[in-house]
Amino acid sequence: MNVVSVVVEPITTYQLKLYYQNYLESGTVTVTSENSSFPKYRLYDRAQGLLFKGASIPSIFDIDVDLGTSGPYPMIDNLILGKNHNLYGQTVVLYASEDGVDYAQIDTWVVLDGINRRSFTGLNRRYWRLRINDPIDAPEIGELFLTKVLAFERNPNWDYGYGRVKKVNRLESEAGYSQKTKSADMRKRRRYHLTKMDSGQRIEIETFEDVTESIKNFYIEDLQGNLFFAELPEPLPDFIAEKMGRWALDFVVQEVVD
């Protein structure tokens with residue numbers, strides 16, 4: 001008798017998550033030093049290919065954020081260092097403070113290559129500081145997100161889309177011959193069908209759309225645990241009303257390479 005071995009792939013346990021707020025945008029950012037040709041606003045311009053660069057190599061390099069004199073201050077539970085940086089192997093520390101004098105250490109780690117995401121217990125503090133200890137070179141950073149995760153209350157239905165897209169320009173002559181030119185790297189593309197969302201989740205997604213204005217880039221963690229910089233290739237469609245006061249939505253995101 002022939003025995004057929006069947007390999008059963010494990011069901012994913014990852015949760016779909018968005019990181020779209022960047023509270024550097026709403027605060028006052030100061031840095032230890034700044035190269036005027038690579039200004040500090042590039043830390044939060046949502047264009048990871050445009051770098052902020054420091055102008056010195058001190059023993060301690062600080063990036064400070066003051067969220068203003070009037071609260072309430074937002075709950076923050078994640079920091080994302082974008083993939084374009086020169087901090088690999090260096091030790092960084094995240095601090096927070098209520099008064100700008102006494103700072104408590106929230107997290108410390110040795111920076112890895114590529115995107116670094118650090119998750120911690122949520123805090124609502126006015127002052128935040130990212131400290132680079134003993135930088136090897138003047139720091140260079142493409143994007144720095146001080147953010148709060150939006151975790152979907154339930155994962156999308158099966159039959160979701162998982163693929164890649166290539167930017168191809170096609171020019172066709174009058175005789176019908178076509179010329180194709182690839183103008184960008186492959187980018188991740190995800191298409192999700194969200195269903196049975198309650199009104200609270202719908203409002204959170206509406207807030208996401210308001211903050212990004214359907215044009216600002218953000219970070220997403222997909223159902224396979226891949227974290228990448230992304231955009232909405234087209235504005236979100238209408239929510240679809242379901243039974244029992246629930247809502248559905250088709251949600252498409254596409255990777256931003258640089």
# chains A, B, ... in the order shown; residues from 1 in each chain; ligands from 1
>>> select_by_dssp(residues="range 66-258 of chain A", states="strand (DSSP E)", output="JSON, numbers by chain")
{"A": [66, 76, 77, 78, 79, 80, 81, 91, 92, 93, 94, 95, 96, 97, 103, 104, 105, 106, 107, 108, 109, 110, 116, 117, 118, 119, 120, 121, 122, 123, 127, 128, 129, 130, 131, 132, 133, 140, 141, 144, 145, 146, 147, 150, 151, 161, 162, 163, 164, 165, 168, 169, 170, 171, 172, 178, 179, 180, 181, 182, 187, 188, 189, 190, 191, 192, 193, 194, 195, 196, 197, 218, 219, 220, 221, 227, 228, 229, 230, 231, 240, 241, 247, 248, 249, 250, 251, 252, 253, 254, 255]}
>>> closest_atom_pairs(of="range 47-72 of chain A", to="range 22-25 of chain A", cutoff="12 Å", atoms="only C-alpha atoms", output="Markdown table")
| residue | atom | partner | partner_atom | distance |
| --- | --- | --- | --- | --- |
| A:Ile63 | CA | A:Leu24 | CA | 10.3 |
| A:Asp64 | CA | A:Leu24 | CA | 9.2 |
| A:Val65 | CA | A:Leu24 | CA | 6.4 |
| A:Asp66 | CA | A:Leu24 | CA | 8.4 |
| A:Leu67 | CA | A:Tyr23 | CA | 7.6 |
| A:Gly68 | CA | A:Tyr23 | CA | 11.0 |
>>> closest_residue(among="A:Glu213, A:Asp134, A:Glu255, A:Glu153", to="Arg189 in chain A", atoms="only C-alpha atoms")
A:Glu255
>>> closest_atom_pairs(of="range 132-240 of chain A", to="range 26-38 of chain A", cutoff="10 Å", atoms="only C-alpha atoms", output="JSON lines")
{"residue": "A:Ala138", "atom": "CA", "partner": "A:Ser33", "partner_atom": "CA", "distance": 8.9}
{"residue": "A:Pro139", "atom": "CA", "partner": "A:Ser33", "partner_atom": "CA", "distance": 9.5}
{"residue": "A:Glu140", "atom": "CA", "partner": "A:Phe38", "partner_atom": "CA", "distance": 9.0}
{"residue": "A:Ile141", "atom": "CA", "partner": "A:Phe38", "partner_atom": "CA", "distance": 9.9}
>>> closest_atom_pairs(of="range 101-121 of chain A", to="range 125-129 of chain A", cutoff="10 Å", atoms="only C-alpha atoms", output="Markdown table")
| residue | atom | partner | partner_atom | distance |
| --- | --- | --- | --- | --- |
| A:Val101 | CA | A:Tyr127 | CA | 9.2 |
| A:Asp102 | CA | A:Tyr127 | CA | 9.9 |
| A:Tyr103 | CA | A:Trp128 | CA | 8.4 |
| A:Ala104 | CA | A:Trp128 | CA | 9.6 |
| A:Gln105 | CA | A:Arg129 | CA | 9.3 |
| A:Ile106 | CA | A:Trp128 | CA | 9.7 |
>>> closest_residue(among="A:Leu112, A:Ile215, A:Val253, A:Leu194", to="Phe239 in chain A", atoms="only C-alpha atoms")
A:Leu194
>>> residues_around(residues="Tyr20 in chain A", least_positions_apart="5", cutoff="7 Å", atoms="only C-alpha atoms", output="VMD selection string")
chain A and resid 208 218 to 219
>>> write_last_selection(atoms="C-alpha atoms", output="compact mmCIF listing (two decimals), in the first residue's frame")
# COMPACT_ATOMS: atom_id res chain seq x y z
CA PHE A 208 -6.23 56.17 9.82
CA PHE A 218 2.83 54.37 6.84
CA TYR A 219 4.09 51.05 8.20
>>> residues_around(residues="Asn124 in chain A", least_positions_apart="3", cutoff="7 Å", atoms="only C-alpha atoms", output="ChimeraX atom specification")
/A:73-76
>>> write_last_selection(atoms="C-alpha atoms", output="PDB file, in the first residue's frame")
ATOM      1  CA  TYR A  73      -0.775  63.481  25.386  1.00  0.00           C
ATOM      2  CA  PRO A  74      -1.201  60.528  23.014  1.00  0.00           C
ATOM      3  CA  MET A  75      -0.604  56.958  24.089  1.00  0.00           C
ATOM      4  CA  ILE A  76       2.619  55.745  22.446  1.00  0.00           C
TER       5      ILE A  76
END
>>> closest_residue(among="A:Asn116, A:Tyr41, A:Leu130, A:Phe152", to="Ser97 in chain A", atoms="only C-alpha atoms")
A:Leu130
>>> atom_distance(atom1="CA of Thr207 in chain A", atom2="CA of Trp247 in chain A")
15.5 Å
>>> select_by_dssp(residues="range 20-254 of chain A", states="alpha helix (DSSP H)", output="NGL selection string")
:A and (199-212)
>>> write_last_selection(atoms="C-alpha atoms", output="mmCIF file, in the first residue's frame")
data_model
loop_
_atom_site.group_PDB
_atom_site.id
_atom_site.type_symbol
_atom_site.label_atom_id
_atom_site.label_comp_id
_atom_site.auth_asym_id
_atom_site.auth_seq_id
_atom_site.Cartn_x
_atom_site.Cartn_y
_atom_site.Cartn_z
ATOM 1 C CA SER A 199 -18.213 50.459 14.870
ATOM 2 C CA GLY A 200 -15.155 51.137 17.029
ATOM 3 C CA GLN A 201 -12.871 49.439 14.505
ATOM 4 C CA ARG A 202 -14.555 51.278 11.647
ATOM 5 C CA ILE A 203 -13.907 54.608 13.383
ATOM 6 C CA GLU A 204 -10.252 53.666 13.932
ATOM 7 C CA ILE A 205 -9.853 52.970 10.218
ATOM 8 C CA GLU A 206 -11.555 56.269 9.417
ATOM 9 C CA THR A 207 -9.018 57.965 11.696
ATOM 10 C CA PHE A 208 -6.228 56.173 9.825
ATOM 11 C CA GLU A 209 -7.636 57.542 6.564
ATOM 12 C CA ASP A 210 -7.922 61.057 8.037
ATOM 13 C CA VAL A 211 -4.330 61.061 9.319
ATOM 14 C CA THR A 212 -2.786 59.663 6.143
#
>>> closest_residue(among="A:Tyr192, A:Asp238, A:Pro135, A:Lys148", to="Phe120 in chain A", atoms="only C-alpha atoms")
A:Lys148
>>> atom_distance(atom1="CA of Leu50 in chain A", atom2="CA of Gln224 in chain A")
28.2 Å
>>> closest_residue(among="A:Ser59, A:Tyr160, A:Leu227, A:Gly54", to="Arg118 in chain A", atoms="only C-alpha atoms")
A:Leu227
>>> closest_residue(among="A:Ala230, A:Glu98, A:Asp250, A:Met197", to="Gly71 in chain A", atoms="only C-alpha atoms")
A:Glu98
>>> atom_distance(atom1="CA of Tyr19 in chain A", atom2="CA of Val149 in chain A")
5.0 Å
